[in-house]
Amino acid sequence: MGVELPIHDRVGAIRILFSMAFWTFLALSSAVLFLGALLLWALTRPFDANGRVLHLYSCFWAQLYFYVNPMWHLRVEGRERLPWKGAAVLVANHESLGDILVLFGLYRPFKWVSKAENFKLPLIGWNMRLNRYVPLIRGDRASIIQMMAGCRHWLARGVPILMFPEGTRSHDGQVKAFKDGAFTLSIQERCPLIPVVLTGTARTMPKHGLVLQQAVHARVRVLEPIDPAGFAGDVHALRDHVRDLIIREKARMDAEG
């Protein structure tokens with residue numbers, strides 16, 4: 001007779017197999033979907049200068065991994081508060097790599113601000129380049145200046161941008177200190193700032209790990225837009241106000257289960 005593994009080891013083995021299947025499917029599907037993105041980019045570029053169609057296709061690409069996985073669930077609340085057109089700065093808390101997949105579920109036009117190394121990833125990074133998202137090298141002053149200029153370019157064209165003001169993923173799910181960039185943009189460009197609160201995403205792809213959890217119940221809640229004019233140019237006051245809003249709303253969502 002074979003030796004039966006303890007329940008903990010069996011669960012761990014199942015998670016590893018599930019993770020291997022996920023990453024394999026992601027790689028194979030990305031190869032096919034990138035070809036679709038390349039074709040769509042070529043067809044729509046003449047009449048869609050801001051790349052809205054390609055971005056919405058990329059939203060479907062990311063959401064596909066929720067659609068096909070019966071153990072992953074996502075609920076988006078307040079999507080109607082996001083603009084189809086017009087400048088806005090979206091800011092979200094950051095729990096895991098899974099936040100990227102989740103926030104594409106907003107299905108609204110925006111340009112990501114993302115680490116420069118992500119643009120070098122095969123297929124997914126190439127698609128980010130096609131979408132003309134905004135790269136950033138953390139801690140590099142020249143890159144930060146270039147990133148801010150890139151964001152201003154898109155805001156001037158009436159395209160929202162989305163940033164993680166924590167700058168990096170939280171290791172414990174707690175909201176970290178916010179950096180000033182997003183709030184400076186909102187005040188200087190006189191455009192609304194829209195907080196987006198995530199919960200449950202830390203269990204999708206934990207930091208420094210590729211082993212996925214078996215079941216995920218992620219939620220996104222879009223809060224009311226904030227007019228920066230009420231903060232009289234005080235970047236820090238706007239930053240701290242938004243962080244407090246996100247912390248309180250996240251606690252409320254966690255308590256709701």
# chains A, B, ... in the order shown; residues from 1 in each chain; ligands from 1
>>> select_by_dssp(residues="region 11-222 of chain A", states="strand (DSSP E or B)", output="MDAnalysis selection string")
chainID A and resid 72:77 89:92 111:115 134:136 161:163 193:199 216:222
>>> residues_around(residues="region 117-134 of chain A", least_positions_apart="3", cutoff="7 Å", atoms="only C-alpha atoms", output="NGL selection string")
:A and (30-31 or 34 or 37 or 51 or 54-55 or 111-114 or 147 or 150)
>>> write_last_selection(atoms="C-alpha atoms", output="PDB file, in the first residue's frame")
ATOM      1  CA  SER A  30      -0.460  35.177 -24.301  1.00  0.00           C
ATOM      2  CA  ALA A  31       1.294  34.036 -27.467  1.00  0.00           C
ATOM      3  CA  PHE A  34      -0.382  39.065 -28.511  1.00  0.00           C
ATOM      4  CA  ALA A  37      -3.092  42.714 -30.132  1.00  0.00           C
ATOM      5  CA  GLY A  51      -5.209  53.410 -28.210  1.00  0.00           C
ATOM      6  CA  LEU A  54      -6.286  48.149 -27.874  1.00  0.00           C
ATOM      7  CA  HIS A  55      -6.495  48.904 -24.162  1.00  0.00           C
ATOM      8  CA  LYS A 111      -2.702  54.295 -19.216  1.00  0.00           C
ATOM      9  CA  TRP A 112      -0.782  52.288 -16.650  1.00  0.00           C
ATOM     10  CA  VAL A 113       2.305  53.613 -14.919  1.00  0.00           C
ATOM     11  CA  SER A 114       4.454  50.519 -14.467  1.00  0.00           C
ATOM     12  CA  MET A 147       7.285  59.453 -16.235  1.00  0.00           C
ATOM     13  CA  GLY A 150       4.470  61.031 -20.043  1.00  0.00           C
TER      14      GLY A 150
END
>>> closest_residue(among="A:Ala255, A:Leu28, A:Leu106, A:Ile144", to="Val196 (chain A)", atoms="only C-alpha atoms")
A:Leu106
>>> closest_atom_pairs(of="region 40-123 of chain A", to="region 221-238 of chain A", cutoff="8 Å", atoms="only C-alpha atoms", output="tab-separated table")
residue	atom	partner	partner_atom	distance
A:Val76	CA	A:Arg221	CA	6.0
A:Glu77	CA	A:Arg221	CA	4.7
A:Gly78	CA	A:Val222	CA	4.7
A:Arg79	CA	A:Val222	CA	6.2
A:Arg81	CA	A:Glu224	CA	6.6
A:Leu82	CA	A:Val222	CA	7.8
>>> write_last_selection(atoms="all heavy atoms", output="PDB file, in the first residue's frame")
ATOM      1  N   VAL A  76     -16.546  44.031  -9.186  1.00  0.00           N
ATOM      2  CA  VAL A  76     -16.173  45.437  -9.359  1.00  0.00           C
ATOM      3  C   VAL A  76     -17.376  46.306  -9.026  1.00  0.00           C
ATOM      4  O   VAL A  76     -18.463  46.110  -9.579  1.00  0.00           O
ATOM      5  CB  VAL A  76     -15.701  45.720 -10.796  1.00  0.00           C
ATOM      6  CG1 VAL A  76     -15.359  47.195 -10.964  1.00  0.00           C
ATOM      7  CG2 VAL A  76     -14.491  44.847 -11.150  1.00  0.00           C
ATOM      8  N   GLU A  77     -17.186  47.254  -8.125  1.00  0.00           N
ATOM      9  CA  GLU A  77     -18.256  48.154  -7.707  1.00  0.00           C
ATOM     10  C   GLU A  77     -17.863  49.595  -8.016  1.00  0.00           C
ATOM     11  O   GLU A  77     -16.724  49.995  -7.806  1.00  0.00           O
ATOM     12  CB  GLU A  77     -18.501  48.006  -6.200  1.00  0.00           C
ATOM     13  CG  GLU A  77     -18.812  46.581  -5.767  1.00  0.00           C
ATOM     14  CD  GLU A  77     -18.698  46.390  -4.264  1.00  0.00           C
ATOM     15  OE1 GLU A  77     -18.461  47.394  -3.554  1.00  0.00           O
ATOM     16  OE2 GLU A  77     -18.835  45.247  -3.804  1.00  0.00           O
ATOM     17  N   GLY A  78     -18.802  50.365  -8.520  1.00  0.00           N
ATOM     18  CA  GLY A  78     -18.552  51.784  -8.768  1.00  0.00           C
ATOM     19  C   GLY A  78     -17.879  52.076 -10.090  1.00  0.00           C
ATOM     20  O   GLY A  78     -17.355  53.183 -10.279  1.00  0.00           O
ATOM     21  N   ARG A  79     -17.899  51.123 -11.021  1.00  0.00           N
ATOM     22  CA  ARG A  79     -17.253  51.341 -12.324  1.00  0.00           C
ATOM     23  C   ARG A  79     -17.811  52.579 -13.025  1.00  0.00           C
ATOM     24  O   ARG A  79     -17.114  53.255 -13.779  1.00  0.00           O
ATOM     25  CB  ARG A  79     -17.438  50.105 -13.208  1.00  0.00           C
ATOM     26  CG  ARG A  79     -16.695  50.180 -14.533  1.00  0.00           C
ATOM     27  CD  ARG A  79     -17.036  48.994 -15.418  1.00  0.00           C
ATOM     28  NE  ARG A  79     -16.339  47.775 -15.025  1.00  0.00           N
ATOM     29  CZ  ARG A  79     -16.961  46.668 -14.597  1.00  0.00           C
ATOM     30  NH1 ARG A  79     -18.288  46.651 -14.488  1.00  0.00           N
ATOM     31  NH2 ARG A  79     -16.267  45.599 -14.287  1.00  0.00           N
ATOM     32  N   ARG A  81     -18.290  55.353 -11.989  1.00  0.00           N
ATOM     33  CA  ARG A  81     -17.637  56.591 -11.562  1.00  0.00           C
ATOM     34  C   ARG A  81     -16.390  56.911 -12.393  1.00  0.00           C
ATOM     35  O   ARG A  81     -15.798  57.997 -12.246  1.00  0.00           O
ATOM     36  CB  ARG A  81     -17.245  56.494 -10.085  1.00  0.00           C
ATOM     37  CG  ARG A  81     -18.463  56.457  -9.158  1.00  0.00           C
ATOM     38  CD  ARG A  81     -18.085  56.144  -7.750  1.00  0.00           C
ATOM     39  NE  ARG A  81     -19.248  56.222  -6.861  1.00  0.00           N
ATOM     40  CZ  ARG A  81     -19.383  55.524  -5.747  1.00  0.00           C
ATOM     41  NH1 ARG A  81     -18.416  54.680  -5.368  1.00  0.00           N
ATOM     42  NH2 ARG A  81     -20.461  55.648  -5.012  1.00  0.00           N
ATOM     43  N   LEU A  82     -15.993  55.993 -13.236  1.00  0.00           N
ATOM     44  CA  LEU A  82     -14.805  56.188 -14.067  1.00  0.00           C
ATOM     45  C   LEU A  82     -15.194  56.782 -15.414  1.00  0.00           C
ATOM     46  O   LEU A  82     -16.191  56.376 -16.007  1.00  0.00           O
ATOM     47  CB  LEU A  82     -14.084  54.855 -14.289  1.00  0.00           C
ATOM     48  CG  LEU A  82     -13.539  54.177 -13.035  1.00  0.00           C
ATOM     49  CD1 LEU A  82     -13.024  52.792 -13.374  1.00  0.00           C
ATOM     50  CD2 LEU A  82     -12.428  55.018 -12.416  1.00  0.00           C
TER      51      LEU A  82
END
>>> residues_around(residues="Val220 (chain A)", least_positions_apart="4", cutoff="12 Å", atoms="only C-alpha atoms", output="PyMOL selection string")
chain A and resi 73-79+92-94+99-106+195-201+246+249-250+253-254
>>> residues_around(residues="Asn50 (chain A)", least_positions_apart="4", cutoff="12 Å", atoms="only C-alpha atoms", output="PDB file with C-alpha atoms, in the first residue's frame")
ATOM      1  CA  TRP A  41      -2.894  47.843 -33.125  1.00  0.00           C
ATOM      2  CA  THR A  44      -6.903  50.809 -35.254  1.00  0.00           C
ATOM      3  CA  ARG A  45      -3.869  53.101 -35.100  1.00  0.00           C
ATOM      4  CA  PRO A  46      -5.061  55.351 -37.978  1.00  0.00           C
ATOM      5  CA  LEU A  54      -6.286  48.149 -27.874  1.00  0.00           C
ATOM      6  CA  HIS A  55      -6.495  48.904 -24.162  1.00  0.00           C
ATOM      7  CA  LEU A  56     -10.005  47.426 -23.940  1.00  0.00           C
ATOM      8  CA  LYS A  85     -13.235  60.361 -21.802  1.00  0.00           C
ATOM      9  CA  GLY A  86     -11.465  63.131 -19.958  1.00  0.00           C
ATOM     10  CA  PRO A 109      -9.584  53.587 -20.911  1.00  0.00           C
ATOM     11  CA  PHE A 110      -6.454  54.488 -18.952  1.00  0.00           C
ATOM     12  CA  LYS A 111      -2.702  54.295 -19.216  1.00  0.00           C
ATOM     13  CA  LEU A 130       1.935  48.714 -28.036  1.00  0.00           C
ATOM     14  CA  ASN A 131      -0.464  50.331 -25.553  1.00  0.00           C
ATOM     15  CA  ARG A 132       2.072  53.090 -24.864  1.00  0.00           C
ATOM     16  CA  TYR A 133       1.797  52.727 -21.116  1.00  0.00           C
ATOM     17  CA  HIS A 153       0.997  64.048 -22.162  1.00  0.00           C
ATOM     18  CA  TRP A 154      -1.844  61.566 -21.760  1.00  0.00           C
ATOM     19  CA  LEU A 155      -3.823  63.740 -19.370  1.00  0.00           C
ATOM     20  CA  ALA A 156      -3.590  66.613 -21.851  1.00  0.00           C
ATOM     21  CA  ARG A 157      -5.105  64.279 -24.458  1.00  0.00           C
ATOM     22  CA  GLY A 158      -7.992  63.444 -22.148  1.00  0.00           C
ATOM     23  CA  VAL A 159      -6.744  59.956 -21.253  1.00  0.00           C
ATOM     24  CA  PRO A 160      -6.779  58.899 -17.565  1.00  0.00           C
TER      25      PRO A 160
END
>>> atom_distance(atom1="CA of Gly98 (chain A)", atom2="CA of His217 (chain A)")
11.7 Å
>>> closest_residue(among="A:Leu97, A:Leu38, A:Met148, A:Cys59", to="Glu189 (chain A)", atoms="only C-alpha atoms")
A:Met148
>>> residues_around(residues="region 173-187 of chain A", least_positions_apart="2", cutoff="6 Å", atoms="only C-alpha atoms", output="list in words")
Glu95, Pro165, Glu166, Ser170, Glu189, Arg190, Cys191, Pro228, Val235 and Arg239 of chain A
>>> write_last_selection(atoms="N, CA and C atoms", output="mmCIF file, in the first residue's frame")
data_model
loop_
_atom_site.group_PDB
_atom_site.id
_atom_site.type_symbol
_atom_site.label_atom_id
_atom_site.label_comp_id
_atom_site.auth_asym_id
_atom_site.auth_seq_id
_atom_site.Cartn_x
_atom_site.Cartn_y
_atom_site.Cartn_z
ATOM 1 N N GLU A 95 -1.586 45.143 -3.516
ATOM 2 C CA GLU A 95 -1.358 43.979 -2.660
ATOM 3 C C GLU A 95 -0.534 42.886 -3.327
ATOM 4 N N PRO A 165 0.242 54.484 -5.802
ATOM 5 C CA PRO A 165 1.036 55.484 -5.069
ATOM 6 C C PRO A 165 1.947 54.896 -3.999
ATOM 7 N N GLU A 166 1.723 53.628 -3.624
ATOM 8 C CA GLU A 166 2.660 52.991 -2.686
ATOM 9 C C GLU A 166 4.000 52.715 -3.354
ATOM 10 N N SER A 170 2.565 45.698 -1.304
ATOM 11 C CA SER A 170 2.643 45.504 0.142
ATOM 12 C C SER A 170 2.943 44.038 0.440
ATOM 13 N N GLU A 189 -2.494 69.431 -13.000
ATOM 14 C CA GLU A 189 -3.282 69.312 -14.231
ATOM 15 C C GLU A 189 -4.763 69.597 -14.006
ATOM 16 N N ARG A 190 -5.130 69.870 -12.761
ATOM 17 C CA ARG A 190 -6.500 70.248 -12.411
ATOM 18 C C ARG A 190 -7.509 69.213 -12.909
ATOM 19 N N CYS A 191 -7.212 67.970 -12.628
ATOM 20 C CA CYS A 191 -8.114 66.895 -13.027
ATOM 21 C C CYS A 191 -8.495 66.070 -11.804
ATOM 22 N N PRO A 228 -9.350 68.230 -6.845
ATOM 23 C CA PRO A 228 -8.148 68.718 -6.144
ATOM 24 C C PRO A 228 -8.219 70.192 -5.796
ATOM 25 N N VAL A 235 -0.264 69.297 -1.921
ATOM 26 C CA VAL A 235 -0.100 67.915 -2.394
ATOM 27 C C VAL A 235 -0.174 66.935 -1.229
ATOM 28 N N ARG A 239 -2.754 63.906 -0.673
ATOM 29 C CA ARG A 239 -2.189 62.552 -0.547
ATOM 30 C C ARG A 239 -2.674 61.864 0.721
#
>>> select_by_dssp(residues="region 145-238 of chain A", states="helix (DSSP H, G or I)", output="PyMOL selection string")
chain A and resi 145-156+181-189+201-203+228-231+235-238
>>> write_last_selection(atoms="N, CA, C and O atoms", output="compact mmCIF listing (two decimals), in the first residue's frame")
# COMPACT_ATOMS: atom_id res chain seq x y z
N ILE A 145 11.10 62.04 -13.72
CA ILE A 145 10.76 63.25 -14.47
C ILE A 145 10.12 62.88 -15.82
O ILE A 145 9.12 63.46 -16.24
N GLN A 146 10.70 61.87 -16.47
CA GLN A 146 10.17 61.42 -17.76
C GLN A 146 8.78 60.80 -17.59
O GLN A 146 7.89 61.00 -18.42
N MET A 147 8.59 60.05 -16.50
CA MET A 147 7.29 59.45 -16.23
C MET A 147 6.24 60.53 -16.04
O MET A 147 5.12 60.45 -16.58
N MET A 148 6.56 61.55 -15.26
CA MET A 148 5.60 62.64 -15.02
C MET A 148 5.26 63.34 -16.33
O MET A 148 4.09 63.70 -16.57
N ALA A 149 6.25 63.54 -17.19
CA ALA A 149 5.99 64.17 -18.49
C ALA A 149 5.09 63.28 -19.34
O ALA A 149 4.18 63.78 -20.03
N GLY A 150 5.31 61.96 -19.30
CA GLY A 150 4.47 61.03 -20.04
C GLY A 150 3.04 61.06 -19.55
O GLY A 150 2.09 61.02 -20.35
N CYS A 151 2.86 61.13 -18.25
CA CYS A 151 1.51 61.20 -17.69
C CYS A 151 0.82 62.51 -18.10
O CYS A 151 -0.37 62.51 -18.45
N ARG A 152 1.56 63.61 -18.06
CA ARG A 152 0.97 64.89 -18.46
C ARG A 152 0.55 64.86 -19.93
O ARG A 152 -0.47 65.44 -20.31
N HIS A 153 1.34 64.18 -20.74
CA HIS A 153 1.00 64.05 -22.16
C HIS A 153 -0.36 63.38 -22.33
O HIS A 153 -1.22 63.88 -23.07
N TRP A 154 -0.58 62.28 -21.61
CA TRP A 154 -1.84 61.57 -21.76
C TRP A 154 -3.00 62.33 -21.13
O TRP A 154 -4.11 62.37 -21.68
N LEU A 155 -2.76 62.96 -20.00
CA LEU A 155 -3.82 63.74 -19.37
C LEU A 155 -4.24 64.90 -20.27
O LEU A 155 -5.44 65.22 -20.38
N ALA A 156 -3.27 65.52 -20.93
CA ALA A 156 -3.59 66.61 -21.85
C ALA A 156 -4.44 66.14 -23.02
O ALA A 156 -5.20 66.91 -23.60
N GLY A 181 3.67 61.60 -6.49
CA GLY A 181 3.52 61.82 -7.92
C GLY A 181 2.10 61.97 -8.42
O GLY A 181 1.76 62.93 -9.13
N ALA A 182 1.23 61.01 -8.07
CA ALA A 182 -0.15 61.03 -8.57
C ALA A 182 -0.89 62.28 -8.11
O ALA A 182 -1.68 62.88 -8.86
N PHE A 183 -0.62 62.71 -6.90
CA PHE A 183 -1.33 63.84 -6.30
C PHE A 183 -0.82 65.16 -6.86
O PHE A 183 -1.59 66.11 -7.05
N THR A 184 0.47 65.20 -7.16
CA THR A 184 1.04 66.36 -7.83
C THR A 184 0.41 66.53 -9.21
O THR A 184 0.04 67.64 -9.62
N LEU A 185 0.26 65.43 -9.93
CA LEU A 185 -0.35 65.48 -11.26
C LEU A 185 -1.79 65.98 -11.19
O LEU A 185 -2.22 66.82 -11.98
N SER A 186 -2.55 65.45 -10.24
CA SER A 186 -3.94 65.83 -10.12
C SER A 186 -4.08 67.33 -9.85
O SER A 186 -4.92 68.01 -10.46
N ILE A 187 -3.25 67.86 -8.96
CA ILE A 187 -3.32 69.29 -8.62
C ILE A 187 -2.82 70.15 -9.77
O ILE A 187 -3.47 71.12 -10.17
N GLN A 188 -1.68 69.78 -10.35
CA GLN A 188 -1.10 70.62 -11.40
C GLN A 188 -1.93 70.58 -12.69
O GLN A 188 -2.04 71.59 -13.38
N GLU A 189 -2.49 69.43 -13.00
CA GLU A 189 -3.28 69.31 -14.23
C GLU A 189 -4.76 69.60 -14.01
O GLU A 189 -5.56 69.53 -14.94
N THR A 201 -6.81 40.54 -3.21
CA THR A 201 -5.86 40.24 -4.28
C THR A 201 -4.55 39.66 -3.76
O THR A 201 -3.81 39.04 -4.53
N ALA A 202 -4.25 39.87 -2.49
CA ALA A 202 -3.00 39.33 -1.94
C ALA A 202 -2.96 37.81 -2.05
O ALA A 202 -1.90 37.20 -2.05
N ARG A 203 -4.14 37.18 -2.16
CA ARG A 203 -4.19 35.73 -2.23
C ARG A 203 -4.09 35.19 -3.66
O ARG A 203 -4.11 33.99 -3.87
N PRO A 228 -9.35 68.23 -6.84
CA PRO A 228 -8.15 68.72 -6.14
C PRO A 228 -8.22 70.19 -5.80
O PRO A 228 -7.44 70.66 -4.96
N ALA A 229 -9.16 70.93 -6.42
CA ALA A 229 -9.25 72.37 -6.14
C ALA A 229 -9.52 72.64 -4.66
O ALA A 229 -9.14 73.68 -4.13
N GLY A 230 -10.15 71.69 -3.99
CA GLY A 230 -10.47 71.88 -2.58
C GLY A 230 -9.27 71.79 -1.66
O GLY A 230 -9.41 72.03 -0.44
N PHE A 231 -8.09 71.47 -2.21
CA PHE A 231 -6.91 71.31 -1.36
C PHE A 231 -5.90 72.44 -1.56
O PHE A 231 -4.78 72.37 -1.03
N VAL A 235 -0.26 69.30 -1.92
CA VAL A 235 -0.10 67.92 -2.39
C VAL A 235 -0.17 66.93 -1.23
O VAL A 235 -0.82 65.89 -1.31
N HIS A 236 0.49 67.27 -0.13
CA HIS A 236 0.53 66.35 1.01
C HIS A 236 -0.84 66.17 1.65
O HIS A 236 -1.20 65.07 2.07
N ALA A 237 -1.61 67.25 1.71
CA ALA A 237 -2.96 67.13 2.28
C ALA A 237 -3.83 66.23 1.41
O ALA A 237 -4.58 65.40 1.93
N LEU A 238 -3.74 66.40 0.10
CA LEU A 238 -4.52 65.54 -0.81
C LEU A 238 -4.06 64.09 -0.69
O LEU A 238 -4.88 63.17 -0.60
>>> closest_residue(among="A:Tyr107, A:Glu80, A:Leu33, A:Val89", to="Val53 (chain A)", atoms="only C-alpha atoms")
A:Tyr107
>>> closest_residue(among="A:Leu212, A:Pro192, A:Ala88, A:Arg141", to="Leu162 (chain A)", atoms="only C-alpha atoms")
A:Ala88
>>> atom_distance(atom1="CA of Arg52 (chain A)", atom2="CA of Arg243 (chain A)")
28.8 Å
>>> closest_residue(among="A:Met71, A:Val32, A:Val91, A:Ala42", to="Ala218 (chain A)", atoms="only C-alpha atoms")
A:Met71
>>> atom_distance(atom1="CA of Ser29 (chain A)", atom2="CA of Arg108 (chain A)")
22.6 Å
>>> closest_residue(among="A:Leu35, A:Ala27, A:Ala215, A:Leu193", to="His241 (chain A)", atoms="only C-alpha atoms")
A:Leu193
